[in-house]
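File shown: query-v5.txt (compact mmCIF, C-alpha atoms).
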# COMPACT_ATOMS: atom_id res chain seq x y z
CA MET K 1 0.00 0.00 0.00
CA ARG K 2 2.74 2.48 0.93
CA GLY K 3 4.64 1.69 -2.25
CA ASP K 4 1.56 2.13 -4.41
CA VAL K 5 0.55 5.41 -2.79
CA ALA K 6 4.13 6.65 -3.22
CA ARG K 7 3.51 6.52 -6.97
CA LEU K 8 1.15 9.48 -6.67
CA GLU K 9 2.91 12.55 -7.95
CA GLY K 10 3.21 16.13 -6.80
CA ASP K 11 0.71 17.40 -4.26
CA LEU K 12 -1.38 14.23 -4.43
CA ARG K 13 0.85 12.09 -2.25
CA LEU K 14 0.82 14.02 1.05
CA PRO K 15 -2.99 14.19 1.53
CA ALA K 16 -3.24 10.52 0.58
CA GLU K 17 -0.61 9.47 3.12
CA TYR K 18 -2.27 11.71 5.71
CA HIS K 19 -5.62 10.04 5.03
CA PHE K 20 -4.12 6.58 5.52
CA GLY K 21 -2.65 7.68 8.85
CA TRP K 22 0.99 7.35 7.86
CA VAL K 23 1.97 11.02 8.26
CA GLU K 24 0.95 14.20 10.03
CA ALA K 25 -0.57 17.01 7.98
CA ASP K 26 2.91 18.50 7.44
CA GLY K 27 4.34 15.20 6.20
CA SER K 28 6.03 14.14 9.45
CA PRO K 29 5.94 10.32 9.64
CA ILE K 30 3.95 8.63 12.38
CA GLU K 31 3.73 5.04 13.52
CA GLY K 32 0.84 2.78 12.66
CA SER K 33 -1.88 2.97 10.07
CA ALA K 34 -5.52 4.05 9.94
CA GLY K 35 -8.45 1.79 9.22
CA LYS K 36 -9.39 -1.78 10.09
CA GLY K 37 -7.92 -3.44 7.02
CA ILE K 38 -10.92 -5.70 6.46
CA ARG K 39 -10.94 -5.54 2.67
CA GLN K 40 -7.28 -6.30 2.09
CA THR K 41 -7.48 -9.06 4.70
CA LEU K 42 -10.37 -10.59 2.76
CA ALA K 43 -8.31 -10.52 -0.45
CA VAL K 44 -5.40 -12.29 1.24
CA LEU K 45 -7.66 -14.90 2.85
CA GLY K 46 -9.47 -15.44 -0.45
CA ALA K 47 -6.19 -16.38 -2.12
CA GLU K 48 -5.17 -18.66 0.72
CA ALA K 49 -8.62 -20.28 0.88
CA ALA K 50 -8.28 -21.16 -2.82
CA GLY K 51 -4.93 -22.84 -2.18
CA GLY K 52 -2.72 -19.97 -3.30
CA SER K 53 -0.26 -17.71 -1.51
CA TRP K 54 -1.12 -14.43 0.17
CA ILE K 55 1.38 -12.89 -2.26
CA ASP K 56 -1.02 -13.67 -5.12
CA ALA K 57 -3.56 -11.29 -3.60
CA VAL K 58 -1.36 -8.26 -2.92
CA PRO K 59 -2.35 -6.28 -6.07
CA ALA K 60 -6.06 -6.88 -5.41
CA ALA K 61 -5.66 -6.07 -1.71
CA SER K 62 -4.03 -2.75 -2.51
CA SER K 63 -6.51 -1.91 -5.25
CA VAL K 64 -9.64 -2.59 -3.22
CA GLU K 65 -8.32 -0.49 -0.36
CA LEU K 66 -7.56 2.38 -2.72
CA ILE K 67 -11.12 2.23 -4.10
CA HIS K 68 -12.61 2.09 -0.61
CA ASN K 69 -10.60 5.09 0.51
CA PHE K 70 -11.33 7.08 -2.62
CA SER K 71 -14.98 6.67 -1.65
CA LEU K 72 -14.28 7.77 1.93
CA LEU K 73 -12.56 10.96 0.78
CA HIS K 74 -15.59 11.86 -1.32
CA ASP K 75 -18.13 10.68 1.27
CA ASP K 76 -16.59 12.95 3.90
CA ILE K 77 -17.27 15.92 1.63
CA ILE K 78 -20.82 14.79 0.81
CA ASP K 79 -21.62 14.19 4.49
CA ASP K 80 -19.80 17.34 5.69
CA ASP K 81 -17.77 15.16 8.07
CA ARG K 82 -14.91 17.12 9.54
CA GLU K 83 -13.40 14.28 11.55
CA ARG K 84 -12.34 10.73 10.71
CA ARG K 85 -10.27 8.45 12.92
CA HIS K 86 -9.92 11.14 15.59
CA ARG K 87 -8.43 13.87 13.37
CA PRO K 88 -9.56 16.26 10.62
CA THR K 89 -10.69 14.72 7.36
CA VAL K 90 -8.64 15.47 4.24
CA TRP K 91 -11.04 18.14 2.97
CA ALA K 92 -11.13 19.82 6.37
CA GLN K 93 -7.35 19.71 6.75
CA TYR K 94 -6.40 20.73 3.22
CA SER K 95 -9.35 21.69 0.98
CA VAL K 96 -12.40 20.24 -0.75
CA GLY K 97 -10.63 20.43 -4.10
CA GLU K 98 -7.62 18.50 -2.85
CA ALA K 99 -9.79 15.79 -1.31
CA ILE K 100 -11.70 15.34 -4.57
CA ILE K 101 -8.62 15.15 -6.78
CA VAL K 102 -6.74 12.84 -4.41
CA GLY K 103 -9.74 10.53 -4.37
CA ASP K 104 -9.78 10.58 -8.17
CA ALA K 105 -6.09 9.70 -8.23
CA MET K 106 -6.63 6.74 -5.89
CA HIS K 107 -9.44 5.50 -8.15
CA ALA K 108 -7.22 5.59 -11.24
CA LEU K 109 -4.25 4.01 -9.44
CA ALA K 110 -6.34 1.04 -8.29
CA PHE K 111 -7.02 0.00 -11.88
CA GLN K 112 -3.46 0.67 -13.01
CA ILE K 113 -2.20 -1.79 -10.39
CA LEU K 114 -4.49 -4.56 -11.62
CA HIS K 115 -3.78 -4.02 -15.33
CA GLU K 116 -0.05 -4.22 -14.58
CA ILE K 117 -0.47 -7.85 -13.46
CA GLY K 118 -0.50 -8.72 -17.16
CA THR K 119 -2.42 -12.00 -16.96
CA ASP K 120 -5.94 -13.11 -17.87
CA ALA K 121 -6.72 -13.38 -14.16
CA GLY K 122 -5.53 -9.80 -13.66
CA THR K 123 -7.80 -8.62 -16.48
CA GLN K 124 -10.73 -10.51 -14.96
CA VAL K 125 -10.12 -8.96 -11.55
CA ALA K 126 -9.88 -5.46 -13.06
CA ARG K 127 -13.26 -6.04 -14.74
CA MET K 128 -14.70 -7.30 -11.45
CA LEU K 129 -13.44 -4.19 -9.67
CA GLY K 130 -15.06 -1.96 -12.26
CA ASP K 131 -18.39 -3.70 -11.69
CA ALA K 132 -18.03 -3.55 -7.90
CA THR K 133 -17.10 0.14 -7.99
CA SER K 134 -20.15 0.92 -10.13
CA ASP K 135 -22.34 -0.96 -7.66
CA MET K 136 -20.80 0.94 -4.75
CA ILE K 137 -21.40 4.29 -6.41
CA ARG K 138 -25.00 3.34 -7.22
CA GLY K 139 -25.50 2.40 -3.57
CA GLN K 140 -24.08 5.71 -2.41
CA SER K 141 -26.33 7.57 -4.85
CA ASN K 142 -29.39 5.72 -3.56
CA ASP K 143 -28.32 6.41 0.03
CA MET K 144 -28.18 10.12 -0.75
CA GLY K 145 -31.55 9.97 -2.51
CA PHE K 146 -33.18 8.30 0.49
CA SER K 147 -32.85 11.52 2.48
CA LYS K 148 -35.58 13.03 0.30
CA ARG K 149 -37.99 10.10 0.72
CA THR K 150 -40.44 9.05 3.40
CA ASP K 151 -41.52 5.74 1.84
CA ILE K 152 -38.33 3.70 2.21
CA THR K 153 -38.82 0.03 3.06
CA LEU K 154 -36.39 -2.30 4.78
CA ALA K 155 -36.00 -4.11 1.44
CA ASP K 156 -34.99 -0.79 -0.18
CA CYS K 157 -32.44 -0.25 2.59
CA LEU K 158 -30.96 -3.73 2.25
CA ALA K 159 -30.68 -3.42 -1.53
CA MET K 160 -28.89 -0.08 -1.17
CA GLU K 161 -26.48 -1.46 1.44
CA THR K 162 -25.77 -4.57 -0.67
CA ASP K 163 -24.44 -2.20 -3.33
CA LYS K 164 -22.83 0.37 -1.08
CA THR K 165 -20.95 -2.02 1.20
CA GLY K 166 -21.40 -5.59 0.00
CA ALA K 167 -20.03 -5.07 -3.51
CA LEU K 168 -16.48 -4.20 -2.43
CA LEU K 169 -16.35 -6.83 0.31
CA ALA K 170 -17.49 -9.47 -2.18
CA PHE K 171 -14.94 -8.27 -4.71
CA ALA K 172 -12.16 -8.34 -2.12
CA VAL K 173 -12.50 -11.98 -1.10
CA ALA K 174 -13.30 -13.18 -4.64
CA SER K 175 -10.43 -11.25 -6.26
CA GLY K 176 -7.80 -12.96 -4.14
CA ALA K 177 -9.25 -16.34 -5.03
CA VAL K 178 -9.33 -15.53 -8.77
CA LEU K 179 -5.67 -14.48 -8.69
CA ALA K 180 -4.92 -17.79 -6.96
CA GLY K 181 -6.69 -19.74 -9.73
CA CYS K 182 -10.01 -20.71 -8.11
CA ASP K 183 -12.81 -22.42 -10.04
CA ARG K 184 -16.25 -20.96 -10.76
CA THR K 185 -17.95 -22.77 -7.88
CA MET K 186 -15.56 -21.29 -5.35
CA LEU K 187 -15.83 -17.86 -6.97
CA GLN K 188 -19.63 -17.84 -6.70
CA GLY K 189 -19.56 -19.09 -3.10
CA LEU K 190 -17.06 -16.45 -2.02
CA LEU K 191 -19.09 -13.74 -3.74
CA ARG K 192 -22.16 -14.85 -1.75
CA TYR K 193 -20.09 -14.78 1.44
CA GLY K 194 -18.87 -11.27 0.67
CA HIS K 195 -22.30 -9.85 -0.11
CA GLU K 196 -23.82 -11.33 3.06
CA LEU K 197 -20.83 -10.08 5.05
CA GLY K 198 -21.42 -6.63 3.60
CA LEU K 199 -24.98 -6.54 4.94
CA ALA K 200 -23.81 -7.72 8.38
CA PHE K 201 -21.03 -5.11 8.30
CA GLN K 202 -23.39 -2.28 7.35
CA ALA K 203 -25.98 -3.23 9.95
CA GLN K 204 -23.30 -3.02 12.63
CA ASP K 205 -22.03 0.23 11.11
CA ASP K 206 -25.54 1.66 11.29
CA LEU K 207 -25.77 0.73 14.97
CA LEU K 208 -22.47 2.48 15.63
CA GLY K 209 -23.66 5.49 13.62
CA VAL K 210 -26.36 6.07 16.22
CA TRP K 211 -25.11 4.46 19.44
CA GLY K 212 -21.33 4.29 18.95
CA ASP K 213 -18.91 5.80 21.46
CA PRO K 214 -17.27 8.86 19.83
CA ALA K 215 -14.03 8.14 21.71
CA VAL K 216 -13.84 4.83 19.87
CA THR K 217 -15.54 5.51 16.52
CA GLY K 218 -13.78 8.83 15.90
CA LYS K 219 -17.09 10.46 14.91
CA ALA K 220 -19.58 12.59 16.83
CA ALA K 221 -22.31 10.80 18.81
CA GLY K 222 -25.43 10.14 16.76
CA ASN K 223 -23.63 11.26 13.63
CA ASP K 224 -26.00 9.47 11.24
CA LEU K 225 -28.99 11.31 12.74
CA ARG K 226 -27.21 14.63 12.38
CA GLU K 227 -26.70 13.83 8.71
CA ARG K 228 -30.36 12.75 8.31
CA LYS K 229 -29.27 9.33 7.07
CA ARG K 230 -31.94 6.70 6.49
CA SER K 231 -29.78 4.08 8.15
CA MET K 232 -31.16 0.68 9.09
CA PRO K 233 -32.42 1.60 12.61
CA VAL K 234 -34.12 4.68 11.19
CA VAL K 235 -35.73 2.72 8.35
CA VAL K 236 -36.98 0.10 10.83
CA VAL K 237 -38.85 2.88 12.67
CA LEU K 238 -40.09 4.64 9.53
CA ALA K 239 -41.37 1.38 8.05
CA ALA K 240 -43.31 0.62 11.26
CA GLY K 241 -45.06 3.99 11.10
CA GLY K 242 -46.88 5.56 14.03
CA GLU K 243 -45.78 8.35 16.35
CA PRO K 244 -42.04 7.39 16.46
CA ALA K 245 -41.88 7.58 12.66
CA ARG K 246 -43.64 10.95 12.62
CA ALA K 247 -41.33 12.28 15.34
CA LEU K 248 -38.21 11.20 13.39
CA LEU K 249 -39.46 12.77 10.18
CA ALA K 250 -40.20 16.00 12.03
CA LEU K 251 -36.67 15.98 13.42
CA PHE K 252 -35.17 15.48 9.94
CA GLU K 253 -37.17 18.43 8.65
CA ARG K 254 -35.43 20.83 11.04
CA GLU K 255 -33.14 23.34 9.40
CA ASP K 256 -30.39 22.61 11.92
CA ILE K 257 -29.98 19.33 13.80
CA ASP K 258 -27.91 20.35 16.82
CA ASP K 259 -26.68 18.17 19.69
CA ALA K 260 -29.98 18.49 21.55
CA ALA K 261 -31.89 17.36 18.46
CA VAL K 262 -29.54 14.40 18.03
CA ARG K 263 -30.17 13.37 21.64
CA ALA K 264 -33.90 13.63 21.00
CA GLY K 265 -33.54 11.44 17.93
CA VAL K 266 -31.59 8.81 19.85
CA ALA K 267 -34.30 8.87 22.52
CA ILE K 268 -36.95 8.23 19.86
CA LEU K 269 -35.01 5.22 18.59
CA ASP K 270 -34.35 3.99 22.13
CA ALA K 271 -38.10 3.88 22.75
CA THR K 272 -38.56 1.49 19.82
CA ASP K 273 -37.27 -1.93 18.83
CA ALA K 274 -34.85 -0.51 16.25
CA HIS K 275 -31.63 -1.49 17.99
CA ARG K 276 -32.68 -5.10 18.54
CA GLN K 277 -34.06 -5.52 15.01
CA THR K 278 -30.91 -4.09 13.43
CA ALA K 279 -28.69 -6.32 15.57
CA GLU K 280 -30.79 -9.31 14.50
CA ILE K 281 -30.36 -8.35 10.85
CA ALA K 282 -26.59 -8.24 11.37
CA GLN K 283 -26.65 -11.70 12.96
CA THR K 284 -28.87 -13.13 10.21
CA HIS K 285 -26.50 -12.04 7.46
CA LEU K 286 -23.49 -13.16 9.48
CA ASN K 287 -25.02 -16.63 9.65
CA ARG K 288 -25.69 -16.59 5.90
CA ALA K 289 -22.11 -15.50 5.18
CA ILE K 290 -20.73 -18.38 7.21
CA ALA K 291 -23.18 -20.81 5.59
CA ALA K 292 -21.96 -19.75 2.13
CA LEU K 293 -18.53 -21.13 3.03
CA ASP K 294 -19.77 -24.50 4.25
CA SER K 295 -20.15 -26.13 0.84
CA LEU K 296 -16.83 -24.86 -0.54
CA ASP K 297 -13.61 -26.86 -0.66
CA LEU K 298 -11.49 -24.24 1.11
CA VAL K 299 -8.09 -24.58 2.72
CA ALA K 300 -9.22 -25.18 6.30
CA SER K 301 -7.04 -22.60 8.06
CA ALA K 302 -8.06 -19.77 5.71
CA GLY K 303 -11.71 -20.81 5.86
CA ALA K 304 -11.60 -20.64 9.64
CA GLU K 305 -10.11 -17.15 9.45
CA LEU K 306 -12.88 -16.04 7.08
CA VAL K 307 -15.40 -17.19 9.70
CA GLU K 308 -13.50 -15.40 12.47
CA LEU K 309 -13.34 -12.20 10.42
CA ALA K 310 -17.09 -12.37 9.77
CA ARG K 311 -17.77 -12.66 13.49
CA PHE K 312 -15.50 -9.69 14.19
CA VAL K 313 -17.58 -7.61 11.78
CA VAL K 314 -20.70 -7.84 13.96
CA THR K 315 -18.95 -7.36 17.30
CA ARG K 316 -16.62 -4.46 16.46
CA ASP K 317 -17.03 -1.13 18.23
CA HIS K 318 -15.65 1.14 15.49
Would you encode the structure as structure tokens?
Amino acid sequence: MRGDVARLEGDLRLPAEYHFGWVEADGSPIEGSAGKGIRQTLAVLGAEAAGGSWIDAVPAASSVELIHNFSLLHDDIIDDDRERRHRPTVWAQYSVGEAIIVGDAMHALAFQILHEIGTDAGTQVARMLGDATSDMIRGQSNDMGFSKRTDITLADCLAMETDKTGALLAFAVASGAVLAGCDRTMLQGLLRYGHELGLAFQAQDDLLGVWGDPAVTGKAAGNDLRERKRSMPVVVVLAAGGEPARALLALFEREDIDDAAVRAGVAILDATDAHRQTAEIAQTHLNRAIAALDSLDLVASAGAELVELARFVVTRDH
């Protein structure tokens, strides 16, 4: 990842390295790295599960992380998020223009890395990443459009989150396996695992977006409510109708959702079954993700790690 990002030229490199948590805003190096690393871990485990080496998956692991982070740079602008991982976002630290262009550069670099593999498998993975990126963007567009609607169903929400989150997770695990030479049966099974994992991941993310601890998540308490997001707990309440749904819609219609309004929104959700239902959705899709692996002839150690990673997704606190 560091070597790939170092290929960015001129003023593109510093904001990118800052975003990944490798440097301070002035370029001073720091220890560690930002992010949970789930997508590149999936790529590595996908290769190992198919009987290959983790080395086979390195180009896909780097590419999927670049695409994910290009989307984060742009999402932070769309959502007006000034903080990520306990420090200013790239647009807040540098400028909106720099965040946009650095995200664009990450997007282009991801595909360059895959095309440089120079094999049929590399071409296939590049095509898969193009499809997954299109799905992710469609999901983000639908997510943005939901803020203008009052008729969103849970099925609508799940379809949006399959695109927005599931597409890249499915690509990640399947891409490593393709580069390791997997057959079609394994490819389809790992794609199912990744899409189900994406829904479990997003359900947990939506819980943290309302009830997460800011000291751990790196975002303000109730951030999704402040941004008027139709996240899964919110959609559960809206779909049920009644006074809680009307109260939430009235809150979202306010010109300014301040801290007091966020607390009121959390109280509305607390008085419903939204938290329990969302947690159950996360568990349901976790179980389906694990079940998708059961019929596949995976290398046992890597298969066990894919199960462990899936369970981490629904128990994480950030």
Nearest candidate to K:Ser295 (options K:Met186, K:Asn142, K:Gly198, K:Ala220; using only C-alpha atoms): K:Met186
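Nearest residue to K:Asp270 among K:Ala221, K:Ala292, K:Val234, K:Val96 is K:Val234, counting only C-alpha atoms.
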What's the 12 Å shell around K:Leu207, counting only C-alpha atoms, without same-chain residues fewer than 6 positions away, as a PDB file with C-alpha atoms, keeping the file's coordinate frame?
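Produced file out-v3.pdb, reproduced below:
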ATOM      1  CA  ALA K 200     -23.810  -7.720   8.380  1.00  0.00           C
ATOM      2  CA  PHE K 201     -21.030  -5.110   8.300  1.00  0.00           C
ATOM      3  CA  ASP K 213     -18.910   5.800  21.460  1.00  0.00           C
ATOM      4  CA  THR K 217     -15.540   5.510  16.520  1.00  0.00           C
ATOM      5  CA  ALA K 221     -22.310  10.800  18.810  1.00  0.00           C
ATOM      6  CA  GLY K 222     -25.430  10.140  16.760  1.00  0.00           C
ATOM      7  CA  ASN K 223     -23.630  11.260  13.630  1.00  0.00           C
ATOM      8  CA  ASP K 224     -26.000   9.470  11.240  1.00  0.00           C
ATOM      9  CA  LEU K 225     -28.990  11.310  12.740  1.00  0.00           C
ATOM     10  CA  SER K 231     -29.780   4.080   8.150  1.00  0.00           C
ATOM     11  CA  MET K 232     -31.160   0.680   9.090  1.00  0.00           C
ATOM     12  CA  PRO K 233     -32.420   1.600  12.610  1.00  0.00           C
ATOM     13  CA  VAL K 234     -34.120   4.680  11.190  1.00  0.00           C
ATOM     14  CA  VAL K 236     -36.980   0.100  10.830  1.00  0.00           C
ATOM     15  CA  VAL K 266     -31.590   8.810  19.850  1.00  0.00           C
ATOM     16  CA  LEU K 269     -35.010   5.220  18.590  1.00  0.00           C
ATOM     17  CA  ASP K 270     -34.350   3.990  22.130  1.00  0.00           C
ATOM     18  CA  ALA K 274     -34.850  -0.510  16.250  1.00  0.00           C
ATOM     19  CA  HIS K 275     -31.630  -1.490  17.990  1.00  0.00           C
ATOM     20  CA  ARG K 276     -32.680  -5.100  18.540  1.00  0.00           C
ATOM     21  CA  GLN K 277     -34.060  -5.520  15.010  1.00  0.00           C
ATOM     22  CA  THR K 278     -30.910  -4.090  13.430  1.00  0.00           C
ATOM     23  CA  ALA K 279     -28.690  -6.320  15.570  1.00  0.00           C
ATOM     24  CA  GLU K 280     -30.790  -9.310  14.500  1.00  0.00           C
ATOM     25  CA  ILE K 281     -30.360  -8.350  10.850  1.00  0.00           C
ATOM     26  CA  ALA K 282     -26.590  -8.240  11.370  1.00  0.00           C
ATOM     27  CA  VAL K 314     -20.700  -7.840  13.960  1.00  0.00           C
ATOM     28  CA  THR K 315     -18.950  -7.360  17.300  1.00  0.00           C
ATOM     29  CA  ARG K 316     -16.620  -4.460  16.460  1.00  0.00           C
ATOM     30  CA  ASP K 317     -17.030  -1.130  18.230  1.00  0.00           C
ATOM     31  CA  HIS K 318     -15.650   1.140  15.490  1.00  0.00           C
TER      32      HIS K 318
END
Option closest in space to K:Leu42, from K:Ser175, K:Thr153, K:Gln204, K:Thr119 [counting only C-alpha atoms]: K:Ser175
Residues near K:Pro88, cut-off 12 Å, all atoms listed in the file, skip fewer than 3 positions along chain, as an MDAnalysis selection string: chainID K and resid 15 18:19 21 24:25 73 76:77 80:85 91:95 99 218:219
Selection: 12 Å around K:Ala250, all atoms listed in the file, excl. self and same-chain fewer than 3 positions, as an mmCIF file with C-alpha atoms, in the coordinates of the input:
data_model
loop_
_atom_site.group_PDB
_atom_site.id
_atom_site.type_symbol
_atom_site.label_atom_id
_atom_site.label_comp_id
_atom_site.auth_asym_id
_atom_site.auth_seq_id
_atom_site.Cartn_x
_atom_site.Cartn_y
_atom_site.Cartn_z
ATOM 1 C CA THR K 150 -40.440 9.050 3.400
ATOM 2 C CA ARG K 228 -30.360 12.750 8.310
ATOM 3 C CA LEU K 238 -40.090 4.640 9.530
ATOM 4 C CA GLU K 243 -45.780 8.350 16.350
ATOM 5 C CA PRO K 244 -42.040 7.390 16.460
ATOM 6 C CA ALA K 245 -41.880 7.580 12.660
ATOM 7 C CA ARG K 246 -43.640 10.950 12.620
ATOM 8 C CA ALA K 247 -41.330 12.280 15.340
ATOM 9 C CA GLU K 253 -37.170 18.430 8.650
ATOM 10 C CA ARG K 254 -35.430 20.830 11.040
ATOM 11 C CA GLU K 255 -33.140 23.340 9.400
ATOM 12 C CA ASP K 256 -30.390 22.610 11.920
ATOM 13 C CA ILE K 257 -29.980 19.330 13.800
ATOM 14 C CA ALA K 261 -31.890 17.360 18.460
ATOM 15 C CA ALA K 264 -33.900 13.630 21.000
ATOM 16 C CA GLY K 265 -33.540 11.440 17.930
ATOM 17 C CA ILE K 268 -36.950 8.230 19.860
#
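For the residues K:Gly209, K:Gly166, K:Gly46, K:Gly35, ranking by smallest atom-to-atom distance to K:Arg192 using all atoms listed in the file places K:Gly166 first.
Straight-line separation from atom CA of K:Arg127 to atom CA of K:Gly51: 22.6 Å.
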Residues within 12 Å of K:Ala108, only C-alpha atoms, excluding chain neighbours under 4 positions, as a PyMOL selection string: chain K and resi 4-5+7-8+63-64+66-67+70+101-104+112-115+126+129-130+133
